[in-house]
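upload.cif (mmCIF, C-alpha atoms and all ligand atoms) appears below.
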data_target
loop_
_atom_site.label_atom_id
_atom_site.label_comp_id
_atom_site.auth_asym_id
_atom_site.auth_seq_id
_atom_site.Cartn_x
_atom_site.Cartn_y
_atom_site.Cartn_z
CA MET K 120 -106.17 103.25 -34.27
CA ILE K 121 -104.53 104.59 -37.42
CA THR K 122 -103.66 102.00 -40.07
CA ILE K 123 -101.37 102.65 -43.01
CA SER K 124 -100.41 100.35 -45.86
CA ALA K 125 -96.87 99.35 -46.70
CA PHE K 126 -95.21 96.62 -48.73
CA LYS K 127 -94.31 93.28 -47.18
CA TRP K 128 -91.13 93.28 -49.18
CA VAL K 129 -89.44 95.27 -51.96
CA PRO K 130 -86.04 94.79 -53.65
CA PRO K 131 -83.05 96.40 -51.90
CA PHE K 132 -82.96 99.42 -54.28
CA ALA K 133 -86.35 100.50 -52.94
CA GLN K 134 -85.91 99.59 -49.28
CA GLY K 135 -85.84 102.76 -47.18
CA VAL K 136 -87.44 104.97 -49.82
CA VAL K 137 -90.94 103.49 -50.24
CA ARG K 138 -93.46 106.27 -49.76
CA ASP K 139 -95.05 104.89 -46.61
CA LEU K 140 -91.84 106.19 -44.98
CA ARG K 141 -93.18 109.76 -45.23
CA VAL K 142 -96.34 108.78 -43.48
CA ARG K 143 -94.59 106.75 -40.79
CA TRP K 144 -92.23 109.71 -40.17
CA ALA K 145 -95.10 112.21 -39.91
CA LEU K 146 -96.91 109.92 -37.46
CA GLU K 147 -93.76 109.56 -35.39
CA GLU K 148 -93.22 113.34 -35.31
CA ALA K 149 -96.85 113.85 -34.32
CA GLY K 150 -96.67 111.14 -31.65
CA LEU K 151 -99.61 109.24 -33.15
CA PRO K 152 -99.50 105.45 -32.79
CA TYR K 153 -100.27 103.40 -35.89
CA GLU K 154 -100.37 99.91 -37.33
CA ALA K 155 -98.97 98.94 -40.71
CA ARG K 156 -101.02 96.70 -42.99
CA LEU K 157 -98.37 94.90 -45.04
CA ILE K 158 -99.52 94.12 -48.55
CA ASP K 159 -98.28 92.16 -51.57
CA PRO K 160 -99.03 92.33 -55.34
CA ASN K 161 -102.22 90.25 -54.93
CA VAL K 162 -103.65 92.74 -52.46
CA GLN K 163 -102.53 95.64 -54.68
CA ALA K 164 -104.56 94.19 -57.54
CA SER K 165 -107.66 93.42 -55.45
CA ALA K 166 -110.92 95.34 -55.79
CA GLU K 167 -110.95 95.86 -52.02
CA TYR K 168 -107.58 97.65 -52.10
CA ARG K 169 -108.40 99.58 -55.29
CA ALA K 170 -111.39 101.01 -53.46
CA LEU K 171 -108.89 102.52 -51.01
CA GLN K 172 -106.14 103.41 -53.51
CA PRO K 173 -107.36 103.65 -57.13
CA PHE K 174 -103.85 102.95 -58.49
CA GLY K 175 -103.07 100.01 -56.20
CA GLN K 176 -100.12 101.83 -54.62
CA VAL K 177 -98.89 102.39 -51.09
CA PRO K 178 -99.45 104.20 -48.84
CA ILE K 179 -103.04 104.47 -47.73
CA PHE K 180 -104.21 105.83 -44.37
CA GLU K 181 -107.32 104.72 -42.45
CA GLU K 182 -108.73 106.01 -39.19
CA ASN K 183 -112.29 105.90 -37.85
CA GLY K 184 -113.80 105.43 -41.31
CA LEU K 185 -111.62 108.10 -42.94
CA LYS K 186 -109.72 106.62 -45.87
CA LEU K 187 -106.96 108.61 -47.57
CA PHE K 188 -104.47 107.97 -50.33
CA GLU K 189 -101.61 110.04 -51.86
CA SER K 190 -98.69 110.48 -49.49
CA GLY K 191 -98.83 114.29 -49.76
CA ALA K 192 -102.47 114.43 -48.70
CA ILE K 193 -101.89 111.93 -45.89
CA VAL K 194 -98.88 113.75 -44.53
CA LEU K 195 -100.73 117.09 -44.59
CA HIS K 196 -103.68 115.52 -42.78
CA ILE K 197 -101.34 114.23 -40.06
CA ALA K 198 -99.51 117.57 -39.92
CA SER K 199 -102.76 119.39 -39.24
CA ARG K 200 -102.78 117.57 -35.89
CA SER K 201 -99.27 118.49 -34.77
CA GLU K 202 -97.46 121.76 -34.19
CA VAL K 203 -94.18 119.92 -34.64
CA LEU K 204 -95.11 119.65 -38.32
CA LEU K 205 -97.27 122.73 -38.93
CA PRO K 206 -96.86 126.11 -37.19
CA SER K 207 -100.05 127.36 -35.57
CA ASP K 208 -100.04 130.78 -37.28
CA ALA K 209 -101.84 130.94 -40.63
CA ALA K 210 -98.89 132.31 -42.58
CA GLY K 211 -96.44 129.78 -41.14
CA LYS K 212 -98.88 126.98 -41.89
CA ALA K 213 -99.34 128.12 -45.51
CA ARG K 214 -95.59 128.41 -46.05
CA ALA K 215 -94.96 124.91 -44.67
CA MET K 216 -97.67 123.51 -46.96
CA THR K 217 -96.11 125.36 -49.88
CA TRP K 218 -92.90 123.42 -49.36
CA VAL K 219 -94.76 120.11 -49.40
CA PHE K 220 -96.05 120.99 -52.87
CA ALA K 221 -92.62 122.28 -53.94
CA ALA K 222 -91.08 118.97 -52.89
CA LEU K 223 -93.66 116.97 -54.84
CA ASN K 224 -94.23 119.17 -57.88
CA SER K 225 -90.94 120.99 -58.41
CA ILE K 226 -88.31 118.55 -57.16
CA GLU K 227 -89.77 115.04 -57.12
CA ILE K 228 -90.81 115.14 -60.77
CA HIS K 229 -87.16 115.49 -61.80
CA VAL K 230 -85.71 113.18 -59.15
CA GLN K 231 -88.25 110.49 -60.00
CA GLN K 232 -87.46 110.61 -63.71
CA LEU K 233 -83.79 110.10 -62.94
CA ALA K 234 -84.52 107.23 -60.56
CA GLU K 235 -86.75 105.53 -63.12
CA ILE K 236 -84.07 105.77 -65.81
CA ASP K 237 -81.30 104.52 -63.51
CA LEU K 238 -83.22 101.80 -61.72
CA PHE K 239 -85.55 100.48 -64.42
CA ALA K 240 -84.17 101.45 -67.85
CA ALA K 241 -80.41 102.02 -67.57
CA ASP K 242 -79.64 99.68 -70.51
CA LYS K 243 -82.28 101.13 -72.87
CA GLU K 244 -81.11 103.32 -75.74
CA TRP K 245 -83.75 106.01 -75.11
CA ALA K 246 -82.64 106.21 -71.46
CA LYS K 247 -78.99 106.68 -72.40
CA LEU K 248 -79.97 109.51 -74.75
CA HIS K 249 -82.35 111.18 -72.30
CA ARG K 250 -80.40 110.84 -69.03
CA PRO K 251 -77.98 113.78 -69.46
CA ASP K 252 -80.89 116.21 -69.86
CA VAL K 253 -82.72 114.76 -66.87
CA GLU K 254 -79.59 114.94 -64.72
CA LYS K 255 -79.00 118.54 -65.80
CA ALA K 256 -82.56 119.54 -64.91
CA THR K 257 -82.29 117.79 -61.53
CA LEU K 258 -78.97 119.47 -60.72
CA ARG K 259 -80.48 122.83 -61.61
CA ARG K 260 -83.36 122.28 -59.20
CA LEU K 261 -80.94 121.16 -56.47
CA ARG K 262 -78.87 124.30 -57.00
CA GLU K 263 -81.98 126.49 -56.81
CA LEU K 264 -83.15 124.75 -53.66
CA ALA K 265 -79.70 125.08 -52.08
CA THR K 266 -79.71 128.78 -52.91
CA TRP K 267 -83.02 129.19 -51.10
CA LEU K 268 -81.78 127.21 -48.13
CA GLY K 269 -78.56 129.24 -47.84
CA ASP K 270 -77.47 129.09 -44.20
CA ARG K 271 -80.93 128.24 -42.86
CA GLU K 272 -81.23 125.11 -40.77
CA TYR K 273 -84.60 124.29 -42.34
CA LEU K 274 -86.54 125.62 -45.35
CA GLU K 275 -88.58 128.02 -43.21
CA GLY K 276 -86.08 128.37 -40.38
CA ARG K 277 -87.76 125.76 -38.16
CA PHE K 278 -88.54 122.12 -38.99
CA THR K 279 -91.94 121.60 -40.65
CA VAL K 280 -93.78 119.05 -42.75
CA GLY K 281 -92.18 120.76 -45.77
CA ASP K 282 -88.75 119.59 -44.61
CA LEU K 283 -90.13 116.12 -43.97
CA MET K 284 -91.43 115.83 -47.52
CA MET K 285 -88.34 117.44 -49.07
CA THR K 286 -86.04 115.04 -47.24
CA THR K 287 -87.91 111.97 -48.44
CA VAL K 288 -87.74 113.29 -52.01
CA LEU K 289 -84.00 114.01 -51.80
CA ARG K 290 -83.42 110.50 -50.47
CA THR K 291 -84.53 109.15 -53.84
CA LEU K 292 -81.17 110.38 -55.19
CA ARG K 293 -79.23 108.11 -52.86
CA HIS K 294 -78.05 105.91 -55.76
CA THR K 295 -76.30 108.97 -57.29
CA HIS K 296 -73.68 111.52 -56.20
CA LEU K 297 -75.78 114.50 -57.25
CA LEU K 298 -76.19 115.91 -53.75
CA ASP K 299 -72.40 116.15 -53.41
CA ALA K 300 -72.67 119.16 -55.73
CA GLU K 301 -74.63 120.99 -53.00
CA PRO K 302 -72.97 120.35 -49.62
CA LYS K 303 -75.38 122.57 -47.67
CA LEU K 304 -78.38 120.75 -49.10
CA LYS K 305 -76.77 117.41 -48.33
CA ALA K 306 -76.11 118.51 -44.75
CA TYR K 307 -79.72 119.70 -44.47
CA LYS K 308 -81.02 116.30 -45.62
CA GLU K 309 -78.76 114.56 -43.13
CA ARG K 310 -79.91 116.94 -40.35
CA CYS K 311 -83.52 115.99 -41.04
CA GLU K 312 -82.66 112.27 -41.25
CA ALA K 313 -80.95 112.50 -37.85
CA ARG K 314 -84.27 113.28 -36.17
CA PRO K 315 -85.28 110.44 -33.84
CA ALA K 316 -88.74 110.28 -35.43
CA PHE K 317 -87.18 109.67 -38.86
CA GLN K 318 -84.95 106.96 -37.45
CA ARG K 319 -87.93 105.19 -35.87
CA ALA K 320 -89.89 105.40 -39.13
CA LEU K 321 -87.02 104.00 -41.19
CA LYS K 322 -86.45 101.20 -38.72
CA ALA K 323 -90.13 100.24 -38.87
CA GLN K 324 -90.17 100.14 -42.68
CA MET K 325 -86.97 98.08 -42.81
CA ALA K 326 -88.18 95.68 -40.11
CA ALA K 327 -91.02 94.49 -42.36
CA PHE K 328 -88.61 93.75 -45.22
CA GLU K 329 -86.23 91.89 -42.93
CA GLN K 330 -89.14 89.82 -41.60
CA HIS K 331 -90.30 88.89 -45.12
CA SER K 332 -86.93 88.52 -46.83
CA ASN K 333 -87.37 84.90 -47.94
N1 LIG R 1 -98.35 109.77 -55.80
C1 LIG R 1 -98.40 108.59 -54.97
C2 LIG R 1 -97.33 107.65 -55.46
C3 LIG R 1 -97.33 106.37 -54.65
C4 LIG R 1 -96.29 105.40 -55.20
O1 LIG R 1 -95.66 105.63 -56.24
N2 LIG R 1 -96.14 104.29 -54.47
C5 LIG R 1 -95.21 103.28 -54.92
C6 LIG R 1 -94.26 102.91 -53.80
S1 LIG R 1 -93.20 104.25 -53.40
C7 LIG R 1 -96.00 102.04 -55.26
O2 LIG R 1 -96.94 101.67 -54.60
N3 LIG R 1 -95.60 101.39 -56.36
C8 LIG R 1 -96.19 100.19 -56.82
C9 LIG R 1 -97.05 100.41 -58.00
O3 LIG R 1 -97.13 101.52 -58.53
O4 LIG R 1 -97.65 99.41 -58.44
C10 LIG R 1 -98.16 108.95 -53.50
O5 LIG R 1 -97.39 109.89 -53.26
O6 LIG R 1 -98.78 108.33 -52.62
#
Could I get this structure in the form of structure tokens?
Ligand SMILES: N[C@@H](CCC(=O)N[C@@H](CS)C(=O)NCC(=O)O)C(=O)O
Amino acid sequence: MITISAFKWVPPFAQGVVRDLRVRWALEEAGLPYEARLIDPNVQASAEYRALQPFGQVPIFEENGLKLFESGAIVLHIASRSEVLLPSDAAGKARAMTWVFAALNSIEIHVQQLAEIDLFAADKEWAKLHRPDVEKATLRRLRELATWLGDREYLEGRFTVGDLMMTTVLRTLRHTHLLDAEPKLKAYKERCEARPAFQRALKAQMAAFEQHSN
């Protein structure tokens, strides 16, 4: 049985965007059953957990002695077992993987900076000074991504693990109106979120928080 780690509870601003969501979604798309090991700050700090995730973060993935961390690596590992996520031809596979890296290295770095300013440092002077530049850089990336997408339904025409990762990254902007500037990109994100596998993954993440809300 596959086990992943997830948080027992997080504050509302993080609920629905914690990175185990990517892994849950990939597992749902691939039709692979899994169990979630729900952890708290004590477990995060423990030597046992650090041996699985050097930075004490979620998610981790365990199956038959294989232990993985980093959501990108985990999602690619799962994708390698499902044609829903990775096309079987070599070129299609490489292109889908390219979009996973684009999501993480070209989009998430900007989106994450903005989220950190807004959610953790909004009242700090440095954040107020820096935010306009970060927002501008994020909007530029969104525009460039929207230009690539054009009238395509998905980044490579058909749904792949690249769309899965991109959608989870774009969701991090949910506390802003930035996606309103790119209606086609917004519609693309919503198209991906409408997939039944995404809905099941989100429901499972939220269920843990509801269960541990007091
Ligand atoms: N690059 C890592 C980042 C993981 C990450 O940032 N996890 C967050 C939750 S979304 C976390 O565990 N934060 C708690 C912490 O850093 O102590 C990945 O993609 O797996």
Please, what distance in Å, to one decimal, runs between CA of Trp128 (chain K) and CA of Phe328 (chain K)?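 Rounded to one decimal, the two atoms are 4.7 Å apart.
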Residues within 7 Å of ligand LIG 1 (chain R) should be enumerated using only C-alpha atoms and all ligand atoms and returned as a PDB file with C-alpha atoms, in the coordinates of the input.
ATOM      1  CA  VAL K 136     -87.440 104.970 -49.820  1.00  0.00           C
ATOM      2  CA  VAL K 137     -90.940 103.490 -50.240  1.00  0.00           C
ATOM      3  CA  ARG K 138     -93.460 106.270 -49.760  1.00  0.00           C
ATOM      4  CA  PHE K 174    -103.850 102.950 -58.490  1.00  0.00           C
ATOM      5  CA  GLY K 175    -103.070 100.010 -56.200  1.00  0.00           C
ATOM      6  CA  GLN K 176    -100.120 101.830 -54.620  1.00  0.00           C
ATOM      7  CA  VAL K 177     -98.890 102.390 -51.090  1.00  0.00           C
ATOM      8  CA  PRO K 178     -99.450 104.200 -48.840  1.00  0.00           C
ATOM      9  CA  PHE K 188    -104.470 107.970 -50.330  1.00  0.00           C
ATOM     10  CA  GLU K 189    -101.610 110.040 -51.860  1.00  0.00           C
ATOM     11  CA  SER K 190     -98.690 110.480 -49.490  1.00  0.00           C
ATOM     12  CA  GLY K 191     -98.830 114.290 -49.760  1.00  0.00           C
TER      13      GLY K 191
END
Which residues of region 135-250 of chain K have any atom within 10 Å of an atom in region 298-321 of chain K when counting all atoms listed in the file, and what is the closest pair of atoms for each, with the distance in Å to one decimal? Order the rows by chain and rising number and write it as CSV.
residue,atom,partner,partner_atom,distance
K:Gly135,CA,K:Leu321,CA,6.2
K:Val136,CA,K:Leu321,CA,8.7
K:Val137,CA,K:Leu321,CA,9.9
K:Asp139,CA,K:Ala320,CA,9.1
K:Leu140,CA,K:Ala320,CA,6.2
K:Arg141,CA,K:Ala320,CA,8.2
K:Val142,CA,K:Ala320,CA,8.5
K:Arg143,CA,K:Ala320,CA,5.2
K:Trp144,CA,K:Ala320,CA,5.0
K:Ala145,CA,K:Ala316,CA,8.0
K:Leu146,CA,K:Ala316,CA,8.4
K:Glu147,CA,K:Ala316,CA,5.1
K:Glu148,CA,K:Ala316,CA,5.4
K:Ala149,CA,K:Ala316,CA,8.9
K:Gly150,CA,K:Ala316,CA,8.8
Residue among K:Ala240, K:Met285, K:Val194, K:Leu185 lying closest to Tyr273 (chain K), counting all atoms listed in the file: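 The closest residue to Tyr273 (chain K) is K:Met285.
For the point (-84.9, 111.5, -54.6), the residues with an atom at a distance of at most 8 Å are Glu227, Val230, Gln231, Ala234, Thr287, Val288, Leu289, Arg290, Thr291, Leu292 and Arg293 of chain K, counting all atoms listed in the file.
We find CA of Thr257 (chain K) and CA of His229 (chain K) to be spaced 5.4 Å apart.
CA of Leu195 (chain K) lies 13.7 Å from CA of Ser207 (chain K).
With all atoms listed in the file as the atoms that count, the residue of K:Ala164, K:Leu157, K:Ile179, K:Ile226 with the shortest distance to Ile123 (chain K) is K:Ile179.
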My list of candidates is K:Arg262, K:Pro251, K:Ala215, K:Lys127. Which is closest to Met284 (chain K) when distances are computed with all atoms listed in the file?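 Looking only at the distances to Met284 (chain K), the closest residue turns out to be K:Ala215.
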Which is closest to His249 (chain K) among K:Gly269, K:His294, K:Asp159, K:Ile236, if we use all atoms listed in the file?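 Under the stated criterion, the closest residue is K:Ile236.
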Counting all atoms listed in the file, the option among K:Thr266, K:Leu151, K:Leu283, K:Thr295 closest to Asp237 (chain K):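 Among K:Thr266, K:Leu151, K:Leu283, K:Thr295, it is K:Thr295 that comes nearest to Asp237 (chain K).
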With distances taken over only C-alpha atoms, the candidate from K:Met120, K:Ala155, K:Pro131, K:Asp270 nearest Ala323 (chain K) is K:Ala155
